[in-house]
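The next block holds one structure in the form of structure tokens; read it before the comments.
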Amino acid sequence: AWQTFFNLLVDANKVWAKNAAILIVILSAKKTAKGHVIRTHSFDTGSAWQNLALQATSMGLVAHGMEGFDYEKAKEDLS
């Protein structure tokens, strides 16, 4: 799956991310399966990312958030 995630990156991020041990995408749903709006989806996802970054730091690892990837391709490739 690493190559799938790597292929989503813009070229500038591929330069350094090629050495990453793991690549992840954190998503948030704007609506429930029944169509109800989830007003806190951005907050919830931001909190999840923050906790992931804090845990990585506490373990002596480096976590780097970025937006430089193809969002439409991510939707398609990751369903």
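Chain identifiers are assigned as A, B, and so on, following the order in which chains appear in the structure tokens; residues are numbered from 1 within each chain, and ligands are numbered from 1 in order of appearance.
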Contact residues around Ser28 (chain A) with only C-alpha atoms at 12 Å, ignoring same-chain residues under 5 positions, as a VMD selection string:
chain A and resid 37 to 49 75
I'd like the contact shell of Ile24 (chain A) - 10 Å cut-off, only C-alpha atoms, skipping same-chain residues fewer than 6 positions apart - returned as a PyMOL selection string.
chain A and resi 1-2+5-6+65
Contacts of Tyr71 (chain A) at 12 Å or less, counting only C-alpha atoms, minus same-chain residues fewer than 3 places along, as a list in words?
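Near Tyr71 (chain A), the qualifying residues are Phe5, Asn7, Leu8, Leu9, Val10, Val25, Ile26, Leu27, Met66, Glu67, Gly68, Ala74, Lys75, Glu76, Asp77, Leu78 and Ser79 of chain A.
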Once you have the residues from the selection above, write them out as a JSON list (two decimals), in the first residue's frame, restricted to N, CA and C atoms.
[["chain", "number", "residue", "atom", "x", "y", "z"],
["A", 5, "PHE", "N", 0.05, 5.23, -1.69],
["A", 5, "PHE", "CA", 0.06, 6.52, -1.00],
["A", 5, "PHE", "C", 1.13, 7.43, -1.57],
["A", 7, "ASN", "N", 2.29, 7.55, -4.56],
["A", 7, "ASN", "CA", 1.87, 8.06, -5.87],
["A", 7, "ASN", "C", 0.87, 9.20, -5.79],
["A", 8, "LEU", "N", 0.29, 9.43, -4.63],
["A", 8, "LEU", "CA", -0.64, 10.55, -4.45],
["A", 8, "LEU", "C", 0.09, 11.88, -4.26],
["A", 9, "LEU", "N", 1.35, 11.82, -3.85],
["A", 9, "LEU", "CA", 2.10, 13.02, -3.51],
["A", 9, "LEU", "C", 2.48, 13.86, -4.73],
["A", 10, "VAL", "N", 2.58, 15.17, -4.51],
["A", 10, "VAL", "CA", 3.13, 16.04, -5.55],
["A", 10, "VAL", "C", 4.63, 15.78, -5.61],
["A", 25, "VAL", "N", -3.17, 8.89, 5.13],
["A", 25, "VAL", "CA", -4.10, 9.97, 4.83],
["A", 25, "VAL", "C", -5.16, 9.94, 5.91],
["A", 26, "ILE", "N", -5.40, 11.08, 6.52],
["A", 26, "ILE", "CA", -6.44, 11.18, 7.54],
["A", 26, "ILE", "C", -7.63, 11.88, 6.90],
["A", 27, "LEU", "N", -8.78, 11.25, 6.96],
["A", 27, "LEU", "CA", -9.99, 11.75, 6.31],
["A", 27, "LEU", "C", -11.06, 12.10, 7.33],
["A", 66, "MET", "N", 1.10, 17.29, 5.84],
["A", 66, "MET", "CA", 1.26, 18.02, 4.57],
["A", 66, "MET", "C", -0.04, 17.98, 3.78],
["A", 67, "GLU", "N", -0.16, 18.94, 2.91],
["A", 67, "GLU", "CA", -1.32, 18.98, 2.04],
["A", 67, "GLU", "C", -0.96, 18.73, 0.58],
["A", 68, "GLY", "N", 0.30, 18.53, 0.31],
["A", 68, "GLY", "CA", 0.78, 18.39, -1.06],
["A", 68, "GLY", "C", 0.55, 17.02, -1.66],
["A", 74, "ALA", "N", -6.65, 10.68, -4.53],
["A", 74, "ALA", "CA", -6.80, 9.99, -3.24],
["A", 74, "ALA", "C", -8.21, 9.44, -3.08],
["A", 75, "LYS", "N", -9.20, 10.24, -3.44],
["A", 75, "LYS", "CA", -10.59, 9.76, -3.36],
["A", 75, "LYS", "C", -10.80, 8.53, -4.22],
["A", 76, "GLU", "N", -10.22, 8.56, -5.40],
["A", 76, "GLU", "CA", -10.39, 7.46, -6.35],
["A", 76, "GLU", "C", -9.59, 6.22, -5.88],
["A", 77, "ASP", "N", -8.31, 6.41, -5.61],
["A", 77, "ASP", "CA", -7.42, 5.29, -5.31],
["A", 77, "ASP", "C", -7.72, 4.66, -3.93],
["A", 78, "LEU", "N", -8.19, 5.46, -2.99],
["A", 78, "LEU", "CA", -8.44, 4.96, -1.65],
["A", 78, "LEU", "C", -9.92, 4.69, -1.38],
["A", 79, "SER", "N", -10.74, 4.89, -2.38],
["A", 79, "SER", "CA", -12.19, 4.70, -2.29],
["A", 79, "SER", "C", -12.81, 5.51, -1.18]]
Which residue of A:Lys18, A:His36, A:Ala63, A:Glu72 approaches Gln50 (chain A) most closely, using only C-alpha atoms
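Looking only at the distances to Gln50 (chain A), the closest residue turns out to be A:Ala63.
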Interatomic distance, CA of Ala20 (chain A) to CA of Ala56 (chain A) (Å, one decimal)
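It comes out at 13.2 Å.
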Between A:Ser58, A:Asn51, A:Gln3, A:Thr32, which is the closest to Ala17 (chain A) once you count only C-alpha atoms?
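Once distances to Ala17 (chain A) are computed over only C-alpha atoms, the minimum belongs to A:Gln3.
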Mind pulling up the distance from CA of Thr4 (chain A) to CA of Leu61 (chain A)?
22.6 Å
